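S.K.: Before I ask anything, here is the structure I am working with.
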Amino acid sequence: MSDPQQEERDKKVIGLYGEMRLAMELHNRGWQVYRPYIDEKFDFVIMRSYCHKCEQFVNALHRQDRYDGKRRNVVTNLCDLCQEDSLQMLVRFVQVKTSEGIPVNAELKRYSFHPKLRYHLADGRVFYVWIQIWDENTVNYFIFNTSEVAKFDDMSLDTYQITDNQKTELPILKDGVVLKKGRKYNYQVFEGFRNNFELFDEIIEDEVRLDS
């Protein structure tokens, strides 16, 4: 007999595991990752320095200055490429869901895909990451802008008035290939979103300030 409380604890553990894996992936790609103090709406707020003169993501310039008779490492507000005061922190808001799947055979598991879409009308800085956990060595990240998630769900369903999401069972191979091709939605196009971390780096219209 299953224990509902234990099942709920297991879901929280796998969810936290997925979030920690994603946080490290984002950090390794230069994003600063923050978790909201109160867990509402978004799981992460991520930020990265962008130079609007160099037109690319950069780091802040580090240099050594003398202070109190000693040489100190200083982090400046300058771009480390052009060394001008041209940095801007770009922000992304990320919602995360994780699924570990139910084994079908050695190469296939069935996963529950259920994006939360209540923010799909927000601006382009809102992202949804669905994480496929195969085992501790194999993790795939399916990364969507929330405007794209609507391609896979029917928001006209009555259930959206209650849960604002549509759970879909997806058969997925170990390498992240989705086998399902539904009558209305072709989930095989997920391939284009798998591990697509470059999506976070795309500049969103009007988010970069112009020179005064």
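Within each chain, counting starts at residue 1; across the structure tokens, chains are named A, B, ... in the order shown, with ligands numbered 1 upward in that order.
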Tell me, as a count of residues only, which residues lie within 8 Å of Lys97 (chain A), counting only C-alpha atoms; anything in the same chain fewer than 2 positions away does not count.

M.R.: 9

S.K.: Skip Ile102 (chain A) itself and residues of its chain fewer than 2 positions away, then list as a list in words all residues within 10 Å of it, counting only C-alpha atoms.

M.R.: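 Final neighbour list, sorted by chain and number: Ser99, Glu100, Val104, Asn105, Leu108, Lys109, Arg110, Tyr111, Ser112, Trp134 and Pro171 of chain A.
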
S.K.: Could you save the residues just selected, with N, CA and C atoms, as a PDB file, in the first residue's frame?

M.R.:
ATOM      1  N   SER A  99      10.974  15.545 -13.464  1.00  0.00           N
ATOM      2  CA  SER A  99      10.332  14.228 -13.467  1.00  0.00           C
ATOM      3  C   SER A  99      11.398  13.151 -13.604  1.00  0.00           C
ATOM      4  N   GLU A 100      11.300  12.109 -12.762  1.00  0.00           N
ATOM      5  CA  GLU A 100      12.270  11.009 -12.851  1.00  0.00           C
ATOM      6  C   GLU A 100      11.748   9.842 -13.668  1.00  0.00           C
ATOM      7  N   VAL A 104       9.928   1.684 -18.479  1.00  0.00           N
ATOM      8  CA  VAL A 104       9.201   0.763 -19.344  1.00  0.00           C
ATOM      9  C   VAL A 104      10.110  -0.404 -19.705  1.00  0.00           C
ATOM     10  N   ASN A 105      11.341  -0.083 -20.075  1.00  0.00           N
ATOM     11  CA  ASN A 105      12.379  -1.079 -20.305  1.00  0.00           C
ATOM     12  C   ASN A 105      13.731  -0.406 -20.066  1.00  0.00           C
ATOM     13  N   LEU A 108      13.749   2.989 -22.106  1.00  0.00           N
ATOM     14  CA  LEU A 108      12.586   3.873 -22.209  1.00  0.00           C
ATOM     15  C   LEU A 108      11.920   4.064 -20.851  1.00  0.00           C
ATOM     16  N   LYS A 109      11.529   5.308 -20.580  1.00  0.00           N
ATOM     17  CA  LYS A 109      10.724   5.626 -19.403  1.00  0.00           C
ATOM     18  C   LYS A 109       9.547   6.500 -19.829  1.00  0.00           C
ATOM     19  N   ARG A 110       8.497   6.480 -19.013  1.00  0.00           N
ATOM     20  CA  ARG A 110       7.350   7.359 -19.231  1.00  0.00           C
ATOM     21  C   ARG A 110       7.390   8.479 -18.209  1.00  0.00           C
ATOM     22  N   TYR A 111       7.323   9.710 -18.721  1.00  0.00           N
ATOM     23  CA  TYR A 111       7.439  10.895 -17.877  1.00  0.00           C
ATOM     24  C   TYR A 111       6.150  11.708 -17.911  1.00  0.00           C
ATOM     25  N   SER A 112       5.932  12.446 -16.848  1.00  0.00           N
ATOM     26  CA  SER A 112       4.790  13.352 -16.778  1.00  0.00           C
ATOM     27  C   SER A 112       5.263  14.773 -17.075  1.00  0.00           C
ATOM     28  N   TRP A 134      17.042  10.750 -15.855  1.00  0.00           N
ATOM     29  CA  TRP A 134      17.130   9.322 -16.159  1.00  0.00           C
ATOM     30  C   TRP A 134      17.829   8.592 -15.012  1.00  0.00           C
ATOM     31  N   PRO A 171       6.632   9.246 -23.537  1.00  0.00           N
ATOM     32  CA  PRO A 171       7.669   8.207 -23.550  1.00  0.00           C
ATOM     33  C   PRO A 171       8.975   8.813 -24.070  1.00  0.00           C
TER      34      PRO A 171
END

S.K.: Listing only residues of region 50-155 of chain A within 8 Å of region 33-45 of chain A, what is the closest atom pair and its distance in Å (to one decimal) for each, using only C-alpha atoms, sorted by chain and residue number ascending, as a tab-separated table?

M.R.:
residue	atom	partner	partner_atom	distance
A:Val91	CA	A:Val45	CA	7.0
A:Arg92	CA	A:Val45	CA	5.9
A:Phe93	CA	A:Val45	CA	4.8
A:Val94	CA	A:Phe44	CA	5.1
A:Gln95	CA	A:Phe42	CA	4.9
A:Val96	CA	A:Asp43	CA	6.3

S.K.: As an exercise, work out the distance from CA of Thr98 (chain A) to CA of Thr168 (chain A) in Å and give it to one decimal place.

M.R.: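 Calculated distance between CA of Thr98 (chain A) and CA of Thr168 (chain A) is 13.6 Å.
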
S.K.: Any idea what the distance is between CA of Val126 (chain A) and CA of Glu202 (chain A)?

M.R.: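 Computed distance, CA of Val126 (chain A) to CA of Glu202 (chain A), equals 12.4 Å.
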
S.K.: Of the residues A:Phe200, A:Phe144, A:Phe190, A:Phe127, which is the one nearest to Met47 (chain A), using only C-alpha atoms?

M.R.: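 So, comparing all the options, the nearest one is A:Phe200.
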
S.K.: For Val208 (chain A), find every residue with an atom within 12 Å (counting only C-alpha atoms), except residues of its own chain fewer than 5 positions away, and show them as an MDAnalysis selection string.

M.R.: chainID A and resid 49:57 86:91 202:203

S.K.: Export all heavy atoms of the chosen residues as a tab-separated table (two decimals), in the first residue's frame?

M.R.:
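Saved the output as out_12.tsv:
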chain	number	residue	atom	x	y	z
A	49	SER	N	25.76	39.87	-16.56
A	49	SER	CA	26.22	41.17	-17.03
A	49	SER	C	26.29	41.21	-18.55
A	49	SER	O	26.87	40.31	-19.17
A	49	SER	CB	27.61	41.48	-16.45
A	49	SER	OG	27.58	41.59	-15.05
A	50	TYR	N	25.73	42.27	-19.11
A	50	TYR	CA	25.74	42.46	-20.57
A	50	TYR	C	26.30	43.84	-20.86
A	50	TYR	O	25.93	44.83	-20.23
A	50	TYR	CB	24.31	42.35	-21.11
A	50	TYR	CG	24.21	42.53	-22.61
A	50	TYR	CD1	24.37	41.45	-23.46
A	50	TYR	CD2	23.94	43.78	-23.16
A	50	TYR	CE1	24.26	41.60	-24.84
A	50	TYR	CE2	23.84	43.95	-24.54
A	50	TYR	CZ	23.99	42.86	-25.37
A	50	TYR	OH	23.89	43.01	-26.73
A	51	CYS	N	27.24	43.91	-21.80
A	51	CYS	CA	27.81	45.20	-22.20
A	51	CYS	C	27.08	45.68	-23.45
A	51	CYS	O	27.13	45.03	-24.50
A	51	CYS	CB	29.30	45.06	-22.49
A	51	CYS	SG	30.05	46.60	-23.11
A	52	HIS	N	26.39	46.82	-23.34
A	52	HIS	CA	25.63	47.29	-24.50
A	52	HIS	C	26.51	47.98	-25.52
A	52	HIS	O	26.06	48.28	-26.63
A	52	HIS	CB	24.48	48.20	-24.06
A	52	HIS	CG	24.90	49.46	-23.38
A	52	HIS	ND1	25.11	50.63	-24.05
A	52	HIS	CD2	25.13	49.72	-22.08
A	52	HIS	CE1	25.46	51.57	-23.19
A	52	HIS	NE2	25.49	51.05	-22.00
A	53	LYS	N	27.78	48.20	-25.19
A	53	LYS	CA	28.71	48.71	-26.20
A	53	LYS	C	29.34	47.55	-26.97
A	53	LYS	O	29.45	47.59	-28.20
A	53	LYS	CB	29.80	49.57	-25.53
A	53	LYS	CG	29.28	50.90	-24.99
A	53	LYS	CD	30.42	51.77	-24.51
A	53	LYS	CE	29.90	53.10	-24.00
A	53	LYS	NZ	29.28	53.91	-25.06
A	54	CYS	N	29.77	46.52	-26.26
A	54	CYS	CA	30.35	45.34	-26.92
A	54	CYS	C	29.26	44.45	-27.51
A	54	CYS	O	29.55	43.57	-28.33
A	54	CYS	CB	31.18	44.54	-25.93
A	54	CYS	SG	32.61	45.44	-25.26
A	55	GLU	N	28.02	44.63	-27.04
A	55	GLU	CA	26.87	43.85	-27.50
A	55	GLU	C	27.07	42.35	-27.26
A	55	GLU	O	26.85	41.52	-28.14
A	55	GLU	CB	26.56	44.13	-28.98
A	55	GLU	CG	26.15	45.57	-29.23
A	55	GLU	CD	25.73	45.81	-30.67
A	55	GLU	OE1	26.10	45.01	-31.55
A	55	GLU	OE2	25.01	46.79	-30.91
A	56	GLN	N	27.47	42.02	-26.05
A	56	GLN	CA	27.62	40.62	-25.67
A	56	GLN	C	27.66	40.50	-24.15
A	56	GLN	O	27.87	41.48	-23.44
A	56	GLN	CB	28.87	40.01	-26.27
A	56	GLN	CG	30.16	40.68	-25.84
A	56	GLN	CD	31.37	40.02	-26.48
A	56	GLN	OE1	31.66	38.85	-26.23
A	56	GLN	NE2	32.07	40.77	-27.33
A	57	PHE	N	27.44	39.28	-23.66
A	57	PHE	CA	27.57	39.04	-22.24
A	57	PHE	C	29.04	39.05	-21.87
A	57	PHE	O	29.88	38.48	-22.58
A	57	PHE	CB	26.95	37.69	-21.86
A	57	PHE	CG	25.44	37.70	-21.90
A	57	PHE	CD1	24.76	37.19	-22.99
A	57	PHE	CD2	24.72	38.23	-20.84
A	57	PHE	CE1	23.38	37.20	-23.02
A	57	PHE	CE2	23.34	38.25	-20.86
A	57	PHE	CZ	22.66	37.73	-21.95
A	86	SER	N	29.64	50.42	-19.09
A	86	SER	CA	28.61	50.09	-20.07
A	86	SER	C	27.88	48.80	-19.73
A	86	SER	O	27.25	48.19	-20.58
A	86	SER	CB	29.23	49.98	-21.46
A	86	SER	OG	30.33	49.08	-21.43
A	87	LEU	N	27.98	48.38	-18.46
A	87	LEU	CA	27.36	47.12	-18.06
A	87	LEU	C	25.90	47.30	-17.70
A	87	LEU	O	25.48	48.32	-17.17
A	87	LEU	CB	28.10	46.52	-16.86
A	87	LEU	CG	29.52	46.02	-17.11
A	87	LEU	CD1	30.05	45.34	-15.86
A	87	LEU	CD2	29.58	45.10	-18.30
A	88	GLN	N	25.16	46.25	-17.96
A	88	GLN	CA	23.75	46.20	-17.58
A	88	GLN	C	23.46	44.77	-17.13
A	88	GLN	O	23.90	43.81	-17.77
A	88	GLN	CB	22.87	46.57	-18.77
A	88	GLN	CG	21.37	46.53	-18.47
A	88	GLN	CD	20.56	46.92	-19.69
A	88	GLN	OE1	21.11	47.31	-20.73
A	88	GLN	NE2	19.25	46.80	-19.59
A	89	MET	N	22.75	44.60	-16.03
A	89	MET	CA	22.37	43.28	-15.57
A	89	MET	C	21.06	42.88	-16.23
A	89	MET	O	20.03	43.53	-16.04
A	89	MET	CB	22.23	43.26	-14.06
A	89	MET	CG	23.53	43.49	-13.31
A	89	MET	SD	24.81	42.26	-13.66
A	89	MET	CE	24.10	40.81	-12.89
A	90	LEU	N	21.11	41.82	-17.02
A	90	LEU	CA	19.90	41.30	-17.65
A	90	LEU	C	19.32	40.19	-16.78
A	90	LEU	O	20.05	39.40	-16.19
A	90	LEU	CB	20.21	40.78	-19.05
A	90	LEU	CG	20.77	41.80	-20.04
A	90	LEU	CD1	20.82	41.21	-21.45
A	90	LEU	CD2	19.98	43.10	-20.04
A	91	VAL	N	18.00	40.15	-16.72
A	91	VAL	CA	17.30	39.29	-15.76
A	91	VAL	C	16.42	38.30	-16.51
A	91	VAL	O	15.81	38.63	-17.52
A	91	VAL	CB	16.44	40.14	-14.80
A	91	VAL	CG1	15.70	39.25	-13.81
A	91	VAL	CG2	17.29	41.15	-14.05
A	202	GLU	N	19.58	34.84	-25.58
A	202	GLU	CA	18.98	35.66	-26.63
A	202	GLU	C	18.46	36.98	-26.05
A	202	GLU	O	17.78	37.00	-25.03
A	202	GLU	CB	17.83	34.90	-27.31
A	202	GLU	CG	18.31	33.69	-28.09
A	202	GLU	CD	17.18	32.98	-28.81
A	202	GLU	OE1	16.04	33.49	-28.77
A	202	GLU	OE2	17.44	31.91	-29.40
A	203	ILE	N	18.82	38.07	-26.70
A	203	ILE	CA	18.41	39.39	-26.22
A	203	ILE	C	16.94	39.61	-26.55
A	203	ILE	O	16.49	39.38	-27.67
A	203	ILE	CB	19.28	40.49	-26.85
A	203	ILE	CG1	20.76	40.22	-26.54
A	203	ILE	CG2	18.86	41.86	-26.35
A	203	ILE	CD1	21.07	40.12	-25.06
